[in-house]
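Below: the structure, in structure tokens.
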Amino acid sequence: MAAACSVSSVLACNARLSLKENVAPGGSSSKAIVSFGAQPGVWKSFGLSKSHGKGVVMMAKKEINESLLTPRFYTTDFEEMEQLFNKDINKNLNQAEFDALLQEFKTDYNQTHFVRNPEFKEAAGKIQGPMRQIFVEFLERSCTAEFSGFLLYKELGRRLKKTNPVVAEIFTLMSRDEARHAGFLNKGLSDFGLALDLGFLTKARKYTFFKPKFIFYATYLSEKIGYWRYITIYRHLKENPDYQLYPIFKYFENWCQDENRHGDFFSALLKAQPQFLNDWKAKLWSRFFCLSVYITMYLNDTQRTSFYEGIGLDTKKFDMHVIIETNRTTARIFPAVPDVENPEFKRKLDRMVAYNQALINIGESNAPAAVKNLQKIPIIAQFAGEMLAMFFMKPVESGSLDFVDFEPQIVY
């Protein structure tokens, strides 16, 4: 799921990983708790009871610190959703197209794809030091994002059953895919002696409200950018197997097709709501959500260059490839998209990275809080100015209500 960002979201604190050893009173037992400064610290930790000598599972439930640079959980106006997909109200619904998409989802191409083997545990044992912490964060963030999609799609499937059973069933089947992805990632965390408590996370995590049209924009982008991220990593590692540190990447080729199908479904949803695509407001919102997703990804990834370098990728080149390909795909349905191939676009992104790092450095300094706030003001102003200048760059007029079969051609 995509995280839409605003000025405040892009300036949010970066996640910091810390490993703490907690010892129970009397020294009877110990457990490792991994927590992220801007992540949901809801973990199962696997430790050893010193007093009894038996393996135990311990739950660590930490306060959840929210940042729009982290994967978020979403909710929406379900009554409006029901109206949008009511066949008696909305005559633009192409039911034949949704029927065809439903059959595609029912086929469930990846039903037997996500099967683990002993290679996972063995590979995890070989990843040590800082890279091990980076992998844990990668798995945790990915699991949270997939689980966020599961919750939203599941609820939409439930709410739309009476209004439009076909669309409702597609949402339910997409929730199946997302749950499968989240479970697979959580199993990966167990290779590192950890697991997210997804049940507790469901209740404890804060939910962000988005109007239905914003859900459509953001989720379409999320699924398509997810496709390009996964397929790019998969193709890169296939050509450079020495960087294949962990076998989960071998599953990305089929996995990313789930993301692609989800994106195609949201493209069909947008076509069924032409008011979200055919006026000046739609053009502004389209550009806004594109920039939100692209900026958020770029800032997130440049804070985690060690991960991408660890699998042999240049972080900024990887991100720009993903942004350009996602933008080209998005231009097939959105009425306007940013001109991400203008060299000034990347220059602005890099300046935002520098401003963001300056804010992080101030936040981590020992200066009094009041001094920190004063130091941040001019940097926040520069950052906001850069974002506004990017938004007002000449866009690329695009979009078509014709549904074009998507076949990716360009390889990173």
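Just so we're on the same page: first chain in the structure tokens is A, next is B, and so on; residues restart at 1 for each chain, and ligands are numbered from 1 in the order they show up.
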Residues of stretch 154-244 of chain A that approach stretch 255-263 of chain A to 8 Å or less, counting only C-alpha atoms: could you list each one with the shortest pair of atoms and its distance in Å to one decimal, rows by chain and increasing residue number, as a tab-separated table?
```
residue	atom	partner	partner_atom	distance
A:Met174	CA	A:His262	CA	6.9
A:Asp177	CA	A:Asp258	CA	7.1
A:Thr219	CA	A:Gly263	CA	7.6
A:Tyr220	CA	A:Gly263	CA	5.0
A:Leu221	CA	A:Gly263	CA	7.4
A:Ser222	CA	A:Gly263	CA	8.0
A:Glu223	CA	A:Glu259	CA	4.9
A:Lys224	CA	A:Gly263	CA	5.6
A:Gly226	CA	A:Glu259	CA	6.3
A:Tyr227	CA	A:Cys256	CA	4.8
A:Trp228	CA	A:Cys256	CA	7.8
A:Tyr230	CA	A:Cys256	CA	5.7
A:Ile231	CA	A:Cys256	CA	6.2
```
Can you pull out every residue within 7 Å of stretch 201-212 of chain A, counting only C-alpha atoms, but drop anything in the same chain fewer than 2 positions away, and send it as an NGL selection string?
:A and (42 or 64 or 73-77 or 81 or 197-199 or 214-216)
Suppose we keep C-alpha atoms; can you now write the selection as a PDB file, in the first residue's frame?
```pdb
ATOM      1  CA  VAL A  42       5.019  -5.160  17.927  1.00  0.00           C
ATOM      2  CA  ILE A  64       3.641   2.637  17.981  1.00  0.00           C
ATOM      3  CA  PHE A  73      -3.026   1.472   7.563  1.00  0.00           C
ATOM      4  CA  TYR A  74      -5.987   3.015   5.752  1.00  0.00           C
ATOM      5  CA  THR A  75      -9.723   3.312   6.093  1.00  0.00           C
ATOM      6  CA  THR A  76     -12.242   5.078   3.885  1.00  0.00           C
ATOM      7  CA  ASP A  77     -15.864   6.169   3.467  1.00  0.00           C
ATOM      8  CA  MET A  81     -17.731   3.224  -1.936  1.00  0.00           C
ATOM      9  CA  ASP A 197       2.242  -9.925  16.016  1.00  0.00           C
ATOM     10  CA  LEU A 198      -0.196  -9.061  13.244  1.00  0.00           C
ATOM     11  CA  GLY A 199      -3.268  -9.593  15.404  1.00  0.00           C
ATOM     12  CA  PHE A 214      -7.655   9.096  -2.919  1.00  0.00           C
ATOM     13  CA  ILE A 215      -7.648   5.375  -2.115  1.00  0.00           C
ATOM     14  CA  PHE A 216      -7.871   4.696  -5.846  1.00  0.00           C
TER      15      PHE A 216
END
```
(request) List every residue of stretch 175-374 of chain A that DSSP, applied to the backbone, labels as helix (DSSP H, G or I), and write the result as an MDAnalysis selection string. (result) chainID A and resid 175:190 198:204 212:239 241:243 247:271 274:276 280:302 305:310 315:330 343:364 369:374
Using the selection just defined, write its residues with C-alpha atoms as a short mmCIF file (atom, residue, chain, number, x, y, z; two decimals), in the first residue's frame.
```cif
data_model
loop_
_atom_site.label_atom_id
_atom_site.label_comp_id
_atom_site.auth_asym_id
_atom_site.auth_seq_id
_atom_site.Cartn_x
_atom_site.Cartn_y
_atom_site.Cartn_z
CA SER A 175 -6.89 -9.60 0.36
CA ARG A 176 -6.01 -13.28 -0.02
CA ASP A 177 -2.92 -12.30 -2.04
CA GLU A 178 -1.86 -9.64 0.45
CA ALA A 179 -2.34 -11.98 3.41
CA ARG A 180 -0.22 -14.59 1.63
CA HIS A 181 2.53 -12.04 1.03
CA ALA A 182 2.44 -10.78 4.64
CA GLY A 183 2.54 -14.32 6.02
CA PHE A 184 5.49 -15.22 3.81
CA LEU A 185 7.40 -12.14 4.95
CA ASN A 186 6.56 -12.84 8.58
CA LYS A 187 7.90 -16.37 8.16
CA GLY A 188 11.06 -14.72 6.87
CA LEU A 189 11.29 -12.73 10.10
CA SER A 190 11.19 -16.02 12.01
CA LEU A 198 -0.20 -9.06 13.24
CA GLY A 199 -3.27 -9.59 15.40
CA PHE A 200 -2.14 -7.02 17.94
CA LEU A 201 -0.99 -4.73 15.13
CA THR A 202 -4.51 -4.75 13.66
CA LYS A 203 -5.95 -3.30 16.87
CA ALA A 204 -3.08 -1.05 17.96
CA PRO A 212 -12.40 6.72 -1.97
CA LYS A 213 -10.88 8.64 -4.89
CA PHE A 214 -7.65 9.10 -2.92
CA ILE A 215 -7.65 5.37 -2.12
CA PHE A 216 -7.87 4.70 -5.85
CA TYR A 217 -4.99 7.03 -6.76
CA ALA A 218 -2.71 5.95 -3.93
CA THR A 219 -3.37 2.23 -4.17
CA TYR A 220 -3.01 2.10 -7.94
CA LEU A 221 0.39 3.77 -7.58
CA SER A 222 1.35 1.52 -4.67
CA GLU A 223 0.63 -1.66 -6.62
CA LYS A 224 2.37 -0.51 -9.79
CA ILE A 225 5.44 0.84 -8.02
CA GLY A 226 5.55 -2.43 -6.07
CA TYR A 227 5.59 -4.30 -9.36
CA TRP A 228 8.53 -2.29 -10.69
CA ARG A 229 10.49 -2.58 -7.45
CA TYR A 230 10.08 -6.37 -7.26
CA ILE A 231 10.72 -7.15 -10.90
CA THR A 232 13.77 -4.87 -11.01
CA ILE A 233 15.33 -6.52 -7.96
CA TYR A 234 14.51 -9.99 -9.32
CA ARG A 235 16.07 -9.31 -12.73
CA HIS A 236 19.13 -7.70 -11.20
CA LEU A 237 19.78 -10.66 -8.87
CA LYS A 238 19.15 -13.16 -11.64
CA GLU A 239 21.97 -11.53 -13.58
CA PRO A 241 23.58 -14.22 -8.33
CA ASP A 242 26.54 -13.40 -6.06
CA TYR A 243 24.33 -10.76 -4.42
CA PRO A 247 16.11 -16.60 -1.14
CA ILE A 248 12.98 -14.44 -0.77
CA PHE A 249 14.14 -12.44 -3.81
CA LYS A 250 13.86 -15.56 -5.99
CA TYR A 251 10.09 -15.39 -5.48
CA PHE A 252 9.76 -11.83 -6.72
CA GLU A 253 9.07 -12.63 -10.40
CA ASN A 254 5.74 -14.36 -9.71
CA TRP A 255 5.06 -12.23 -6.66
CA CYS A 256 5.21 -8.99 -8.62
CA GLN A 257 2.52 -10.28 -10.98
CA ASP A 258 0.10 -10.16 -8.05
CA GLU A 259 0.99 -6.48 -7.66
CA ASN A 260 0.50 -5.94 -11.37
CA ARG A 261 -2.93 -7.59 -11.40
CA HIS A 262 -4.00 -5.51 -8.40
CA GLY A 263 -2.89 -2.36 -10.20
CA ASP A 264 -4.83 -3.36 -13.32
CA PHE A 265 -7.95 -3.82 -11.20
CA PHE A 266 -7.58 -0.31 -9.78
CA SER A 267 -7.11 0.97 -13.30
CA ALA A 268 -10.49 -0.58 -14.16
CA LEU A 269 -12.00 1.01 -11.04
CA LEU A 270 -10.74 4.43 -12.10
CA LYS A 271 -12.16 3.94 -15.60
CA PRO A 274 -14.39 9.06 -15.04
CA GLN A 275 -15.02 12.02 -12.72
CA PHE A 276 -11.72 11.06 -11.05
CA TRP A 280 -8.54 19.89 -13.82
CA LYS A 281 -8.90 18.72 -10.22
CA ALA A 282 -8.16 15.16 -11.29
CA LYS A 283 -4.97 16.36 -12.97
CA LEU A 284 -3.83 18.14 -9.81
CA TRP A 285 -4.60 15.17 -7.57
CA SER A 286 -2.92 12.76 -9.98
CA ARG A 287 0.29 14.78 -9.95
CA PHE A 288 0.11 15.21 -6.17
CA PHE A 289 -0.18 11.49 -5.48
CA CYS A 290 2.54 10.63 -7.98
CA LEU A 291 4.92 13.05 -6.30
CA SER A 292 3.88 11.89 -2.84
CA VAL A 293 4.69 8.27 -3.61
CA TYR A 294 7.90 9.01 -5.53
CA ILE A 295 9.32 11.41 -2.93
CA THR A 296 8.44 9.10 -0.04
CA MET A 297 10.14 6.14 -1.70
CA TYR A 298 13.25 8.16 -2.59
CA LEU A 299 13.65 9.54 0.93
CA ASN A 300 13.04 6.15 2.50
CA ASP A 301 15.49 4.33 0.28
CA THR A 302 18.28 6.90 0.50
CA THR A 305 21.44 2.68 1.01
CA SER A 306 23.26 -0.12 2.84
CA PHE A 307 20.42 -2.51 2.03
CA TYR A 308 20.48 -1.81 -1.70
CA GLU A 309 24.27 -1.78 -1.84
CA GLY A 310 24.20 -5.13 -0.02
CA THR A 315 20.11 3.11 -4.58
CA LYS A 316 19.46 6.31 -6.50
CA LYS A 317 19.75 4.67 -9.93
CA PHE A 318 17.41 1.91 -8.79
CA ASP A 319 14.88 4.40 -7.48
CA MET A 320 14.96 6.57 -10.59
CA HIS A 321 14.46 3.51 -12.78
CA VAL A 322 11.45 2.47 -10.68
CA ILE A 323 10.03 6.02 -10.68
CA ILE A 324 10.41 6.43 -14.45
CA GLU A 325 8.83 3.07 -15.28
CA THR A 326 6.01 3.55 -12.77
CA ASN A 327 5.36 7.01 -14.20
CA ARG A 328 5.21 5.68 -17.76
CA THR A 329 2.75 2.99 -16.67
CA THR A 330 0.67 5.48 -14.68
CA PRO A 343 16.92 16.18 -15.13
CA GLU A 344 15.72 18.89 -12.76
CA PHE A 345 13.32 16.39 -11.17
CA LYS A 346 16.18 14.25 -9.83
CA ARG A 347 18.16 17.32 -8.78
CA LYS A 348 15.22 18.40 -6.66
CA LEU A 349 14.91 14.92 -5.14
CA ASP A 350 18.59 15.00 -4.18
CA ARG A 351 18.23 18.39 -2.58
CA MET A 352 15.28 17.05 -0.55
CA VAL A 353 17.46 14.17 0.60
CA ALA A 354 20.08 16.65 1.81
CA TYR A 355 17.45 18.74 3.64
CA ASN A 356 15.93 15.63 5.18
CA GLN A 357 19.33 14.46 6.41
CA ALA A 358 19.99 17.89 7.91
CA LEU A 359 16.72 17.62 9.83
CA ILE A 360 17.64 14.15 11.04
CA ASN A 361 21.04 15.41 12.21
CA ILE A 362 19.41 18.25 14.13
CA GLY A 363 16.95 15.84 15.70
CA GLU A 364 19.78 13.58 16.87
CA ALA A 369 14.46 21.22 22.03
CA ALA A 370 13.78 24.93 21.53
CA VAL A 371 17.11 25.38 19.74
CA LYS A 372 16.42 22.35 17.54
CA ASN A 373 13.05 23.75 16.52
CA LEU A 374 14.62 27.07 15.55
#
```
Worksheet item: Which polymer residues have any atom within 12 Å of an atom of A:Gln83, counting only C-alpha atoms, with same-chain residues fewer than 2 positions away left out, as a PyMOL selection string?
Response: chain A and resi 77-81+85-91+93+159-160+162-164+212+273
Can you list, as a PyMOL selection string, all residues belonging to stretch 47-213 of chain A that DSSP tags as strand (DSSP E)?
chain A and resi 47-48+55-61+73-75+194-196+207-209
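What separates atom CA of A:Pro395 from atom CA of A:Asn342 is a distance of 10.0 Å.
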Students should find that atom CA of A:Cys143 and atom CA of A:Gln244 are spaced 19.9 Å
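You can rank A:Lys394, A:His113, A:Lys376, A:Arg304 by their closest distance to A:Pro338 using only C-alpha atoms, and at the top of that list sits A:Lys394.
Take atom CA of A:Ala272 and atom CA of A:Phe392: the distance between them is 28.7 Å.
Checking A:Ala145, A:Leu156, A:Met131, A:Ile170 one by one against A:Glu97, counting only C-alpha atoms, you find the shortest gap at A:Ile170.
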